[in-house]
Structures are given as C-alpha cells and as structure tokens.
Amino acid sequence: MPENPHHTFPFPRRTVHLDFHTGPAVPDVGRDFDPERFAATCKAAHADSVTVFAKCHHGLLYYNTDRPERHPGLSPQLDLLGQQIEALHRVGLQAPIYLSVQCDEYAANTHPEWIALTPALSHVKGGSPAAFTPGWQILDMSSPYQDFLAEQLQEVLDRYGPVDGIDMDMCWNQPSCSKWALEGMRRRGFNPEREEDRLKYAREVAHGYMARYHGMVQASRHRGGHGIWFNSRPKTQLAVEQKFLGHVEIECLPTGGWGYAYFPYVARYVRSTTKLPTLSHTARFFKSWGDNSSLKPEMALKYECCQVLSQGMTGGIGDLMHPRGELSPAVYDLIGRVYAHIEACEPYVVGGTLISQIAVITDPALGDAPGPSIMGAVRALQQLRQQFDIVAPEHELASYELVIVPESVRIEGTLKDNLTAFLKDGGALIVCGAAALDADGQPALAALGIVSHGPSPYTHTFLHAGERVATGLADYGYVMYEPGFRMTPTPGAQALVRIGEPYFQRTYARFCGHEYTPEVSLSEYAGAVRHGRVITFSVPLLEAYGKHAAPNYRTLLGNCIDLLLPQPLLRTGGPTKLETTVVRRGADTMVHLMSFSPERRAEGLDIVEDAIPLVDVPVAVKVAAPPRRVFLAPGEQELAFTCEGGYAHTHVTVLYGHAILVLEG
C-alpha cells in the first residue's frame, strides 16, 4: 500500500466503529462497495476516524491474502480492507484495523481442539451450550490458536503498515480445561482442580498474549494515533494493564446490557487512573450489537455522546456495514446530526481539565459492575450536581476536599494511611455503613468519633434527621430499608441523625402489617455522627440509595456534604436529571449542562426519546475572580450575570438537551 500522506494523526475525537461479522454463506460480500462514496459518507457525518475490519467473529478475512480464511464470498479482485483504508486516508480520516480474538468460527470449526473447554470438557460457546443453537464458539488462547492469530496480525501489520491503530476484540479472561491449559497451569504451579487457580491462569494467559501482540504492533510501522486496544477487559484493571495499551476505549451501549449507570462510573474511574488517551463508544442500534436494522432515537444518541464529551473523552458510535459493502444514508444522517453538535462544542472544552472536589473510593476487585453501594454514590452525587471522581484506595487524595468511602470498601492498609494523612492535612471525610468498621467490628479510624455496639438486630430502622441536616426533610422517621450497626458518638462528637427502632423484629411467629414492624421510639443510637471534619453513617446509606432510590437518602447525603463542603464548585436549580461537569482551561471555566430522561419502557430496556428543557434555571459557578463574559455554547448566546460571595450567578435556558456554560476569565 502507498504511504499515508498524513504521517501522524492526533487522537480521534469522533469515531465510527464498523462491525462486519459476515458468515461464509453470504455470497456477494462487498459487491456494491464504492470507496469514494464510502469515505465521503463518513466524512459528511463529521467522523474523523473509522475502525475497519481485517477479521470478523466468523474468523474470516477481508483483504488480499493467500490464507484460506479469506471470506469465500469476497471477490478475488477486491481488497476490501485496503480500499477502505486508502479511501479514508484520502479524505483525511484515520482507519484503525479490527481483528476478533477469542471469537473465530473458522478456527473453531477447522481446529475444534483449540476451543476452550469447561471442567465437564464441553465446548465453551457464547449464548448457549446447545450444539444446534447459533452462537460464537470461544477459542482457548493457551492453545496453538494464539500463534494462528499472531500470524494474521503480523500479515496485517506487514501489508498495511504504518497502521493507524489495532483494535482487538473479545479479550476477556477465559478459563479452559484443554490439554494446553491444564499443562500450562501445572507448569506455573496452579492446581487445575481449583476454580480460583483456573481464573488466575486465564488472566496470566490474557496478559501474555496482550504483551505479545502489543510488542508486535510496537515493532511494526505504526503512527501511534490509536496504538493497540484489547476490548472486553475490566477497566478497573487499568493500573496493571495499561502497559499493554496504546489508548483506552470504553464500550457502553446503554440499551445493550450496559445501562445508563455504567458509563458515569467507569469513565470517572478511568480518567483518575490513566493518562492514556480515552474514547468511549456507544452505537446507533436501538438495542445492541446485532440489532442491525434498527436506529436509536436521536436524543438517546445525543445524550450518550454528550456524556462522553462531558467526561473529557472522545466519542465513538458503532455501526454495521451491509455485507454488500454499502453504508446506510439514514444511519449516517443520524450520526452526522449528533456529531455536528459534538464538533461545534469541542473548541470550548478540548484541552481543558475536569475539576472535582470529591473522591469516591472504590475497590477495583469489584470490577466494572461494583454493586449498589458504588452505583448509589454515583447516582446521588450526579443528582446533587457535585463534582467527583471515582478512585482506587491507593490513589493520591491531596487534590480533593472531601472523600467518601462507600459500604463496599474496607479502610485498611494503604487506604487507612492515605485517609489519616488526608484528615491531618485538613480534608473532610464521609464513611458509610460497614466501611466504618474493621474486621473485628471496631471503628476503622479513631477520627470517626464513634463507639460501635455491634450489628443492629433489626432489618428496618427509622432515620430522624437533626436540625443541622434537616433541610428538605420532614420531621419524620424515614424508614431505612437495609440493616446497619449500632453506634453512639464519643465525647466531642455529635449525633446528626437519630435511630428509631421498631417494636420487634418481624418473624413468621410475630409480625405486624405488610412489610416491617412500626417504630416504637427513638433509641440511644445514632444514624450519623459528626466528629470534626468526619461524618459517619451507621446505616448503608449509599447501598440503600442504589437499591431503593429513596429521595430522602440523597437529600440527607447532600445535607451532610454541605456541612463539610460549604462552597461547592457549582450550585444549580433544575430537575434532578440535570447532569453537570466542570472544566477549566486557563482562566476560563466551562460547565456541561445535560438534561435528558432515560425511561424504562420495556423489560430490561431504558430509552431516551426526549430532552428535558431547562427554562431560566439558576446556575452559580465558583470563581476566583469575576469573569469578563458569560455565554452558552455552541452559538455563544450572551448571558447576564452577577458576582457575589465568590460565585458568578446567571440563568440558563437549554431546550435541546445539552449546552456548555462558558465563563471567560
């Protein structure tokens, strides 16, 4: 192939990820492909990079090669991959190359001995174990298949280098009981009979091939725009795995099983963990990959792409090209409308830094789906418009003003040392539920100012907010749906919330009413204790919010945050669905304002069809000095503003879901 005249590319901002999983029975692959029309369609949709396919899940190849895996329905005269790359380069677009890893139907059918095996020695197969159910067979990367794939990768690097990037998909840790896996486990001192050892070995195998393929790309001619990415890896392992990567991608199709809560958590963790360039991609499909003849509502796609932009990342949209090689005008009209808005917004935020006052600690061992405690924290803080990061226990805390430790995290080791130093330097801390106690059931930090009296004997108790945290709450005993522990304040500490207890614990032999026993009286125990700049909850407030979404839990959390963080970066009115992030670039401050409404309209499916208009909503932004100018972007609509008490105050109207409030310094 001729050298790309664009010798270097910046990291892309608006990508399209093309799927092309085309079975061998399809006879007319690429028949209608027109390289100029292909590239022009992508360019007109405001994309600057299109991931194109060397090898699909069927294990078939789409370029000129003597290898037998070349798709049998692809014309011998058509180098589909090569023509895609050349056409995209001619219009200034990048063309990173996709290869499927553990899904390869050709290899599985040709070499069934390479298929990963369960402990029952049955084949691992995606979707169903049934022999006659369509679904991907999963390859064992400890088998000779790893070498087979290396040969394919090397051929792609040799034929199409310098490549813009390599995207390797389907790269999870796959346990196997094949003869190669059993031998490898014994050689490395693992016991194959133990599930834990099989999982550890699977991770070692994955890290081995990641290192191998990363080295191959590094040794080849490449531009380093994308580098190499291994998809389907847990992002919470980035601290270990980033050495194998050229960049990071977050795959998140909210309607495809990820949900709308996934991206905000993972993105906030990723951006605090790695300095690698990061993009996130959703897709235009109404549901998920494979829902090929469907279109997502425009407002859903806009919301998802604006979320990505608001987290300081670049965006991607997944598509699938028809086997005959044509892109759908309807698809690219949709992508183009959304990407036109993103492109118009980029000049105001690119190069900026997201600002956070709060760090929420997570346990990376919980993976990318950390459970209701962490997800409850993410949802509550977003709805409170607090600016926060998700960080690992060993993360540096000095740049934050407040740390929140959810119930699923233990304060021990490095985290205990970090929190002790953080508090000594004047930081503030909120600890929830079980996180407040060590393995012996005693306070994890002396600074908590609490005495533990063991687990509560009641599954349901009642929260009575004291005067200092009662804003927005009735004089009422709000039920706490999850059990906590009993605590009282030490001398010098103060109970902010009191615990009411029921007449008795509900059992089959003694119960009252439909669900839980009514409250009988206030107890001596506290639901929340303040000791200096530390607030401790004896109840799992964040877990309960993640499970039950009771607004009073969020209100109580917000009131406690206000005590410890009286000058937040941002104060706004508007609906709880309003999402915000704050970006600084030089003397300028930018605030993303997003107002969309995901709705549960079918079982397991949330969808966005409408934006929620913001009309004359008050916004106050913390500033070091009065701004010279305040406006809404894109479009630069001038806004009147005043400055008082360290804040710039204005009112905004946003009718179409997203805008950026810009305060020029």
# chains A, B, ... in the order shown; residues from 1 in each chain; ligands from 1
>>> residues_around(residues="Gln387 of chain A", least_positions_apart="3", cutoff="10 Å", atoms="only C-alpha atoms", output="list in words")
Leu354, Ile355, Ser356, Gln357, Ile358, Ala359, Leu381, Gln382, Leu384, Pro568, Leu569, Leu570, Thr580, Thr581 and Val582 of chain A
>>> select_by_dssp(residues="segment 212-277 of chain A", states="strand (DSSP E or B)", output="list in words")
His222, Arg223, Gly224, Gly225, His226, Gly227, Ile228, Trp229, Phe230, Val248, Glu249, Ile250 and Glu251 of chain A
>>> closest_atom_pairs(of="segment 383-418 of chain A", to="segment 260-277 of chain A", cutoff="7 Å", atoms="only C-alpha atoms", output="CSV")
residue,atom,partner,partner_atom,distance
A:Asp389,CA,A:Arg268,CA,5.2
A:Ile390,CA,A:Tyr269,CA,4.6
A:Val391,CA,A:Tyr269,CA,5.7
>>> write_last_selection(atoms="C-alpha atoms", output="mmCIF file, in the first residue's frame")
data_model
loop_
_atom_site.group_PDB
_atom_site.id
_atom_site.type_symbol
_atom_site.label_atom_id
_atom_site.label_comp_id
_atom_site.auth_asym_id
_atom_site.auth_seq_id
_atom_site.Cartn_x
_atom_site.Cartn_y
_atom_site.Cartn_z
ATOM 1 C CA ASP A 389 -14.002 11.246 40.688
ATOM 2 C CA ILE A 390 -14.013 7.503 41.365
ATOM 3 C CA VAL A 391 -10.598 6.438 42.661
#
>>> residues_around(residues="segment 538-552 of chain A", least_positions_apart="4", cutoff="8 Å", atoms="only C-alpha atoms", output="MDAnalysis selection string")
chainID A and resid 372:377 379:380 406:407 432:434 436 473 478 480:487 526:528 556:557
>>> closest_residue(among="A:Ser49, A:Thr65, A:Gln567, A:Gln152", to="Leu18 of chain A", atoms="only C-alpha atoms")
A:Ser49
>>> residues_around(residues="Thr314 of chain A", least_positions_apart="6", cutoff="8 Å", atoms="only C-alpha atoms", output="list in words")
Pro12, Arg13, Arg14, Thr278, Leu279, Ser280 and Val308 of chain A
>>> closest_atom_pairs(of="segment 281-359 of chain A", to="segment 590-598 of chain A", cutoff="9 Å", atoms="only C-alpha atoms", output="CSV")
residue,atom,partner,partner_atom,distance
A:Met299,CA,A:Phe596,CA,7.8
A:Ala300,CA,A:Pro598,CA,8.1
A:Tyr303,CA,A:Phe596,CA,6.6
A:Cys306,CA,A:Met594,CA,7.6
A:Gln307,CA,A:Met594,CA,7.8
A:Leu309,CA,A:His592,CA,8.8
A:Ser310,CA,A:His592,CA,6.0
A:Tyr348,CA,A:Met590,CA,7.5
A:Val349,CA,A:Met590,CA,7.1
A:Gly352,CA,A:Met590,CA,8.8
>>> residues_around(residues="Asp28 of chain A", least_positions_apart="6", cutoff="12 Å", atoms="only C-alpha atoms", output="list in words")
Thr22, His71, Pro72, Gly73, Leu74, Ser75, Pro76, Leu78, His322, Pro323, Arg324, Gly325 and Glu326 of chain A
>>> residues_around(residues="Gln84 of chain A", least_positions_apart="6", cutoff="8 Å", atoms="only C-alpha atoms", output="PyMOL selection string")
chain A and resi 35+38-39+52+95
>>> residues_around(residues="Glu241 of chain A", least_positions_apart="5", cutoff="12 Å", atoms="only C-alpha atoms", output="PyMOL selection string")
chain A and resi 203-204+206-211+214+229-231+233-236+246-248+273-274+276
>>> write_last_selection(atoms="C-alpha atoms", output="PDB file, in the first residue's frame")
ATOM      1  CA  ARG A 203      -5.668 -13.841  33.496  1.00  0.00           C
ATOM      2  CA  GLU A 204      -1.984 -14.742  33.068  1.00  0.00           C
ATOM      3  CA  ALA A 206      -4.528 -12.903  28.664  1.00  0.00           C
ATOM      4  CA  HIS A 207      -1.672 -10.744  29.912  1.00  0.00           C
ATOM      5  CA  GLY A 208       0.739 -12.949  27.983  1.00  0.00           C
ATOM      6  CA  TYR A 209      -0.945 -12.525  24.622  1.00  0.00           C
ATOM      7  CA  MET A 210      -1.608  -8.842  25.289  1.00  0.00           C
ATOM      8  CA  ALA A 211       2.112  -8.307  25.873  1.00  0.00           C
ATOM      9  CA  HIS A 214       1.412  -5.152  21.865  1.00  0.00           C
ATOM     10  CA  TRP A 229      -6.522  -1.724  22.327  1.00  0.00           C
ATOM     11  CA  PHE A 230      -7.814  -5.007  23.780  1.00  0.00           C
ATOM     12  CA  ASN A 231     -11.586  -4.835  24.209  1.00  0.00           C
ATOM     13  CA  ARG A 233     -11.119  -6.107  29.573  1.00  0.00           C
ATOM     14  CA  PRO A 234     -12.225  -4.803  33.017  1.00  0.00           C
ATOM     15  CA  LYS A 235     -11.372  -1.094  33.252  1.00  0.00           C
ATOM     16  CA  THR A 236     -10.714  -1.470  36.970  1.00  0.00           C
ATOM     17  CA  GLY A 246      -1.789   2.480  23.275  1.00  0.00           C
ATOM     18  CA  HIS A 247      -5.088   4.007  24.330  1.00  0.00           C
ATOM     19  CA  VAL A 248      -8.292   3.134  26.218  1.00  0.00           C
ATOM     20  CA  THR A 273      -6.414   6.004  36.788  1.00  0.00           C
ATOM     21  CA  THR A 274      -4.632   6.545  33.487  1.00  0.00           C
ATOM     22  CA  LEU A 276      -3.705   7.310  28.177  1.00  0.00           C
TER      23      LEU A 276
END
>>> closest_residue(among="A:Leu423, A:Ile166, A:Ala47, A:Val662", to="Pro627 of chain A", atoms="only C-alpha atoms")
A:Val662
>>> atom_distance(atom1="atom CA of Glu519 of chain A", atom2="atom CA of Leu496 of chain A")
19.1 Å
>>> atom_distance(atom1="atom CA of Ser232 of chain A", atom2="atom CA of Ile335 of chain A")
24.2 Å
>>> atom_distance(atom1="atom CA of Asn173 of chain A", atom2="atom CA of Val205 of chain A")
7.8 Å
